[in-house]
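Below is protein16.cif, holding mmCIF, C-alpha atoms.
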data_query
loop_
_atom_site.group_PDB
_atom_site.id
_atom_site.type_symbol
_atom_site.label_atom_id
_atom_site.label_comp_id
_atom_site.auth_asym_id
_atom_site.auth_seq_id
_atom_site.Cartn_x
_atom_site.Cartn_y
_atom_site.Cartn_z
ATOM 1 C CA MET A 1 -19.948 -18.531 19.667
ATOM 2 C CA LEU A 2 -19.657 -19.051 15.904
ATOM 3 C CA GLU A 3 -23.117 -17.649 15.200
ATOM 4 C CA THR A 4 -22.486 -14.630 17.428
ATOM 5 C CA LEU A 5 -19.219 -13.849 15.638
ATOM 6 C CA LEU A 6 -20.889 -14.252 12.260
ATOM 7 C CA ILE A 7 -23.690 -11.877 13.246
ATOM 8 C CA ILE A 8 -21.163 -9.303 14.497
ATOM 9 C CA HIS A 9 -19.122 -9.692 11.301
ATOM 10 C CA ILE A 10 -22.133 -9.264 9.006
ATOM 11 C CA LEU A 11 -23.567 -6.316 10.965
ATOM 12 C CA ALA A 12 -20.202 -4.526 11.098
ATOM 13 C CA ALA A 13 -19.683 -4.972 7.352
ATOM 14 C CA ALA A 14 -23.257 -3.856 6.641
ATOM 15 C CA ALA A 15 -22.802 -0.765 8.822
ATOM 16 C CA TRP A 16 -19.541 0.115 7.097
ATOM 17 C CA ILE A 17 -20.838 -0.392 3.557
ATOM 18 C CA GLY A 18 -24.251 1.125 4.298
ATOM 19 C CA GLY A 19 -22.718 4.219 5.859
ATOM 20 C CA GLY A 20 -20.405 4.590 2.882
ATOM 21 C CA LEU A 21 -23.258 4.266 0.385
ATOM 22 C CA LEU A 22 -25.375 6.778 2.301
ATOM 23 C CA ASN A 23 -22.454 9.211 2.346
ATOM 24 C CA LEU A 24 -21.956 8.783 -1.412
ATOM 25 C CA PHE A 25 -25.628 9.565 -1.972
ATOM 26 C CA ILE A 26 -26.051 12.505 0.413
ATOM 27 C CA GLY A 27 -22.528 13.979 0.277
ATOM 28 C CA PRO A 28 -22.766 15.552 -3.192
ATOM 29 C CA LYS A 29 -26.153 17.063 -2.337
ATOM 30 C CA MET A 30 -24.709 18.637 0.798
ATOM 31 C CA ALA A 31 -21.664 19.909 -1.084
ATOM 32 C CA GLN A 32 -23.877 21.515 -3.747
ATOM 33 C CA SER A 33 -25.835 23.346 -1.072
ATOM 34 C CA GLY A 34 -22.604 25.101 -0.085
ATOM 35 C CA GLY A 35 -22.148 27.471 2.807
ATOM 36 C CA GLU A 36 -22.750 26.451 6.386
ATOM 37 C CA THR A 37 -24.660 23.301 5.395
ATOM 38 C CA ALA A 38 -21.655 21.928 3.498
ATOM 39 C CA LEU A 39 -19.299 22.805 6.364
ATOM 40 C CA ILE A 40 -21.516 21.090 8.933
ATOM 41 C CA TRP A 41 -21.840 18.007 6.705
ATOM 42 C CA LEU A 42 -18.095 17.778 6.111
ATOM 43 C CA GLY A 43 -17.437 18.149 9.837
ATOM 44 C CA ALA A 44 -19.956 15.406 10.597
ATOM 45 C CA VAL A 45 -18.363 13.082 8.031
ATOM 46 C CA LEU A 46 -14.924 13.681 9.528
ATOM 47 C CA GLU A 47 -16.240 12.878 12.981
ATOM 48 C CA ALA A 48 -17.918 9.739 11.605
ATOM 49 C CA VAL A 49 -14.614 8.536 10.142
ATOM 50 C CA SER A 50 -13.041 8.166 13.586
ATOM 51 C CA LYS A 51 -16.176 7.296 15.553
ATOM 52 C CA TYR A 52 -18.069 5.119 13.064
ATOM 53 C CA PHE A 53 -16.271 4.047 9.873
ATOM 54 C CA ILE A 54 -12.893 3.042 11.319
ATOM 55 C CA PRO A 55 -14.483 1.208 14.290
ATOM 56 C CA ALA A 56 -16.914 -0.601 11.934
ATOM 57 C CA GLY A 57 -14.048 -1.578 9.629
ATOM 58 C CA THR A 58 -11.883 -2.703 12.533
ATOM 59 C CA LEU A 59 -14.736 -4.749 13.988
ATOM 60 C CA THR A 60 -15.304 -6.312 10.554
ATOM 61 C CA LEU A 61 -11.631 -7.289 10.364
ATOM 62 C CA LEU A 62 -11.352 -8.611 13.919
ATOM 63 C CA SER A 63 -14.603 -10.586 13.802
ATOM 64 C CA GLY A 64 -13.560 -12.089 10.450
ATOM 65 C CA ILE A 65 -10.230 -13.199 11.892
ATOM 66 C CA ALA A 66 -12.034 -14.617 14.930
ATOM 67 C CA LEU A 67 -14.363 -16.571 12.624
ATOM 68 C CA VAL A 68 -11.417 -18.268 10.941
ATOM 69 C CA LEU A 69 -9.927 -19.079 14.335
ATOM 70 C CA VAL A 70 -13.141 -20.656 15.685
ATOM 71 C CA ASP A 71 -14.647 -22.258 12.581
ATOM 72 C CA ASP A 72 -12.992 -25.516 11.521
ATOM 73 C CA ALA A 73 -14.657 -25.315 8.101
ATOM 74 C CA TYR A 74 -12.191 -22.669 6.858
ATOM 75 C CA ASP A 75 -8.569 -21.943 7.483
ATOM 76 C CA TRP A 76 -5.900 -19.441 6.520
ATOM 77 C CA SER A 77 -5.353 -21.131 3.143
ATOM 78 C CA ALA A 78 -8.795 -20.117 1.831
ATOM 79 C CA PRO A 79 -8.389 -17.331 -0.762
ATOM 80 C CA PHE A 80 -11.552 -15.532 0.372
ATOM 81 C CA VAL A 81 -10.056 -15.149 3.856
ATOM 82 C CA TRP A 82 -6.961 -13.399 2.536
ATOM 83 C CA ILE A 83 -8.899 -11.327 0.025
ATOM 84 C CA GLY A 84 -11.083 -10.124 2.899
ATOM 85 C CA ILE A 85 -8.153 -9.314 5.163
ATOM 86 C CA VAL A 86 -6.174 -7.523 2.463
ATOM 87 C CA VAL A 87 -9.110 -5.464 1.216
ATOM 88 C CA VAL A 88 -10.281 -4.457 4.695
ATOM 89 C CA VAL A 89 -6.758 -3.389 5.679
ATOM 90 C CA LEU A 90 -6.406 -1.543 2.351
ATOM 91 C CA ALA A 91 -9.786 0.169 2.807
ATOM 92 C CA LEU A 92 -8.955 1.231 6.371
ATOM 93 C CA GLY A 93 -5.601 2.512 5.144
ATOM 94 C CA LEU A 94 -7.196 4.525 2.333
ATOM 95 C CA VAL A 95 -9.722 6.067 4.699
ATOM 96 C CA SER A 96 -7.038 6.930 7.271
ATOM 97 C CA THR A 97 -4.276 8.149 4.976
ATOM 98 C CA VAL A 98 -6.061 9.589 1.925
ATOM 99 C CA MET A 99 -9.760 10.269 2.447
ATOM 100 C CA ALA A 100 -9.789 11.710 5.973
ATOM 101 C CA PRO A 101 -6.743 13.972 5.463
ATOM 102 C CA ALA A 102 -8.185 15.277 2.174
ATOM 103 C CA ALA A 103 -11.523 15.959 3.864
ATOM 104 C CA LYS A 104 -9.728 17.775 6.710
ATOM 105 C CA ARG A 105 -7.848 19.921 4.174
ATOM 106 C CA ALA A 106 -11.122 20.653 2.363
ATOM 107 C CA LEU A 107 -12.787 21.715 5.598
ATOM 108 C CA ALA A 108 -9.856 23.951 6.576
ATOM 109 C CA ALA A 109 -9.787 25.482 3.089
ATOM 110 C CA ALA A 110 -13.551 26.123 3.201
ATOM 111 C CA ARG A 111 -13.224 27.880 6.537
ATOM 112 C CA ALA A 112 -10.395 29.985 5.043
ATOM 113 C CA GLY A 113 -12.401 30.756 1.897
ATOM 114 C CA ASP A 114 -9.909 29.007 -0.411
ATOM 115 C CA PHE A 115 -12.511 27.386 -2.659
ATOM 116 C CA PRO A 116 -10.166 25.986 -5.360
ATOM 117 C CA LYS A 117 -8.405 24.032 -2.595
ATOM 118 C CA VAL A 118 -11.783 22.912 -1.235
ATOM 119 C CA GLY A 119 -12.749 21.460 -4.604
ATOM 120 C CA MET A 120 -9.449 19.661 -5.169
ATOM 121 C CA ASN A 121 -9.428 18.052 -1.715
ATOM 122 C CA ALA A 122 -13.149 17.274 -1.749
ATOM 123 C CA ARG A 123 -12.716 15.449 -5.073
ATOM 124 C CA THR A 124 -9.823 13.429 -3.635
ATOM 125 C CA ALA A 125 -11.918 12.463 -0.615
ATOM 126 C CA ALA A 126 -14.953 11.622 -2.765
ATOM 127 C CA VAL A 127 -13.017 9.477 -5.241
ATOM 128 C CA THR A 128 -11.315 7.629 -2.389
ATOM 129 C CA ALA A 129 -14.678 7.030 -0.719
ATOM 130 C CA ARG A 130 -16.067 5.593 -3.957
ATOM 131 C CA VAL A 131 -13.063 3.276 -4.327
ATOM 132 C CA VAL A 132 -13.403 2.091 -0.728
ATOM 133 C CA VAL A 133 -17.133 1.381 -1.074
ATOM 134 C CA LEU A 134 -16.571 -0.473 -4.356
ATOM 135 C CA LEU A 135 -13.789 -2.566 -2.797
ATOM 136 C CA LEU A 136 -16.021 -3.404 0.165
ATOM 137 C CA ILE A 137 -18.935 -4.429 -2.042
ATOM 138 C CA LEU A 138 -16.692 -6.643 -4.175
ATOM 139 C CA THR A 139 -15.235 -8.179 -1.035
ATOM 140 C CA GLU A 140 -18.734 -8.841 0.270
ATOM 141 C CA VAL A 141 -19.443 -10.817 -2.902
ATOM 142 C CA VAL A 142 -16.185 -12.768 -2.463
ATOM 143 C CA MET A 143 -17.124 -13.497 1.162
ATOM 144 C CA VAL A 144 -20.650 -14.675 0.372
ATOM 145 C CA LEU A 145 -19.367 -16.913 -2.445
ATOM 146 C CA ARG A 146 -16.431 -18.057 -0.276
ATOM 147 C CA LEU A 147 -14.225 -17.716 -3.336
ATOM 148 C CA GLY A 148 -11.659 -20.470 -3.545
ATOM 149 C CA ALA A 149 -12.956 -22.450 -0.561
ATOM 150 C CA SER A 150 -13.278 -26.181 -1.011
#

Once you've parsed the file, please lay out its structure as structure tokens.
Amino acid sequence: MLETLLIIHILAAAAWIGGGLLNLFIGPKMAQSGGETALIWLGAVLEAVSKYFIPAGTLTLLSGIALVLVDDAYDWSAPFVWIGIVVVVLALGLVSTVMAPAAKRALAAARAGDFPKVGMNARTAAVTARVVVLLLILTEVVMVLRLGAS
């Protein structure tokens, strides 16, 4: 059971971080192409938020909590456990309340031809995505090192 949970936890985190890194790499190239390509890309990213990123983040959180519940080696007093929980909840919150709404506004503005609004909202979404990916990578380091565990 422990090994299965650990595999699920690692794969979910890898999917979340990997998807975020891929988006940070390809996203600007799609945006620069403009037109229909940029609209299709932005629509695909928005769909991925609800169908891929939030489920991967939620699975990361739930499998991490389950690991603490089943593994006697660590408990709720370990700093790395709380750092992981706080950062994952923060990252999910940022994606849900800042990044996705900004991307939706950018897509709506692009469809309406309001390009200054597209740029402003796309920058907000992009900066938030960068912050989330950076937080997740730092948390991955904290998890691997088991920061503060005895």

Convert the output of the PyMOL selection byres ((chain A and resi 149) around 7) on the shown file into explicit residues, formatted as a count of residues only.
6

For the provided coordinates, the residues matched by the PyMOL selection byres ((chain A and resi 130-133) around 7) should be stated as a PyMOL selection string.
chain A and resi 17+20-21+91+126-129+134-137

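A straight line drawn from CA of Ala106 (chain A) to CA of Leu59 (chain A) is 28.2 Å long.
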
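Put simply, CA of Trp41 (chain A) is 27.4 Å away from CA of Leu138 (chain A).
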
Picked residues, the PyMOL selection byres ((chain A and resi 27-40) around 10), expected as a PyMOL selection string:
chain A and resi 20-26+41-46+106-108+110-111+119+122+126
